[in-house]
Amino acid sequence: MSDPGDSHNFVPVARVGDIESGKGKLVKVDAREIALFFIDGEYLAIKNFCPHEADALWRGRVEEGAVICPNHGWRFELKTGKCTSLGDRDVRTYPVKVEGDRILVGI
């Protein structure tokens, strides 16, 4: 994942407490759909769509730092976006930071 200190434009997308630990939430920034997760006290964001058939990753099961696509089981590491099911199907990650009770995603 990118360093939150780099040149991204950070946009508020949710509030602390909006996402249950181990779960995902769909957030939208302009035309982008982003899957935001709260895992082990950390917020992580990836592109919402699985590259296989564009299934919504925010609905996937979270397991050992990865999200599993709800329809076909492809697995994506939440910190890197790496697809561990197939080597060339990675998804984009987005930097996340928390300011007060606001969760911001960098685009």
# chains A, B, ... in the order shown; residues from 1 in each chain; ligands from 1

$ residues_around --residues "region 64-76 of chain A" --least-positions-apart "6" --cutoff "12 Å" --atoms "only C-alpha atoms" --output "ChimeraX atom specification"
/A:21-24,35-58,82-93

$ select_by_dssp --residues "chain A" --states "strand (DSSP E or B)" --output "VMD selection string"
chain A and resid 10 to 15 23 to 29 32 to 39 42 to 47 49 56 61 to 63 66 to 68 75 to 77 83 93 to 94 96 to 99 102 to 106

$ atom_distance --atom1 "CA of His8 (chain A)" --atom2 "CA of Glu77 (chain A)"
21.4 Å

$ closest_residue --among "A:Arg32, A:Lys79, A:Arg15, A:Lys25" --to "Val98 (chain A)" --atoms "only C-alpha atoms"
A:Arg15

$ atom_distance --atom1 "CA of Lys28 (chain A)" --atom2 "CA of Lys97 (chain A)"
16.1 Å

$ residues_around --residues "Gly100 (chain A)" --least-positions-apart "6" --cutoff "12 Å" --atoms "only C-alpha atoms" --output "VMD selection string"
chain A and resid 12 14 to 17

$ write_last_selection --atoms "C-alpha atoms" --output "PDB file, in the first residue's frame"
ATOM      1  CA  PRO A  12     -13.281  11.419   3.876  1.00  0.00           C
ATOM      2  CA  ALA A  14     -16.418   6.926   6.607  1.00  0.00           C
ATOM      3  CA  ARG A  15     -16.193   7.408  10.358  1.00  0.00           C
ATOM      4  CA  VAL A  16     -14.340   5.354  12.919  1.00  0.00           C
ATOM      5  CA  GLY A  17     -16.769   2.730  14.173  1.00  0.00           C
TER       6      GLY A  17
END

$ atom_distance --atom1 "CA of Ile19 (chain A)" --atom2 "CA of Leu104 (chain A)"
13.4 Å

$ closest_residue --among "A:Val11, A:Leu78, A:Val62, A:Ile34" --to "Val105 (chain A)" --atoms "only C-alpha atoms"
A:Val11
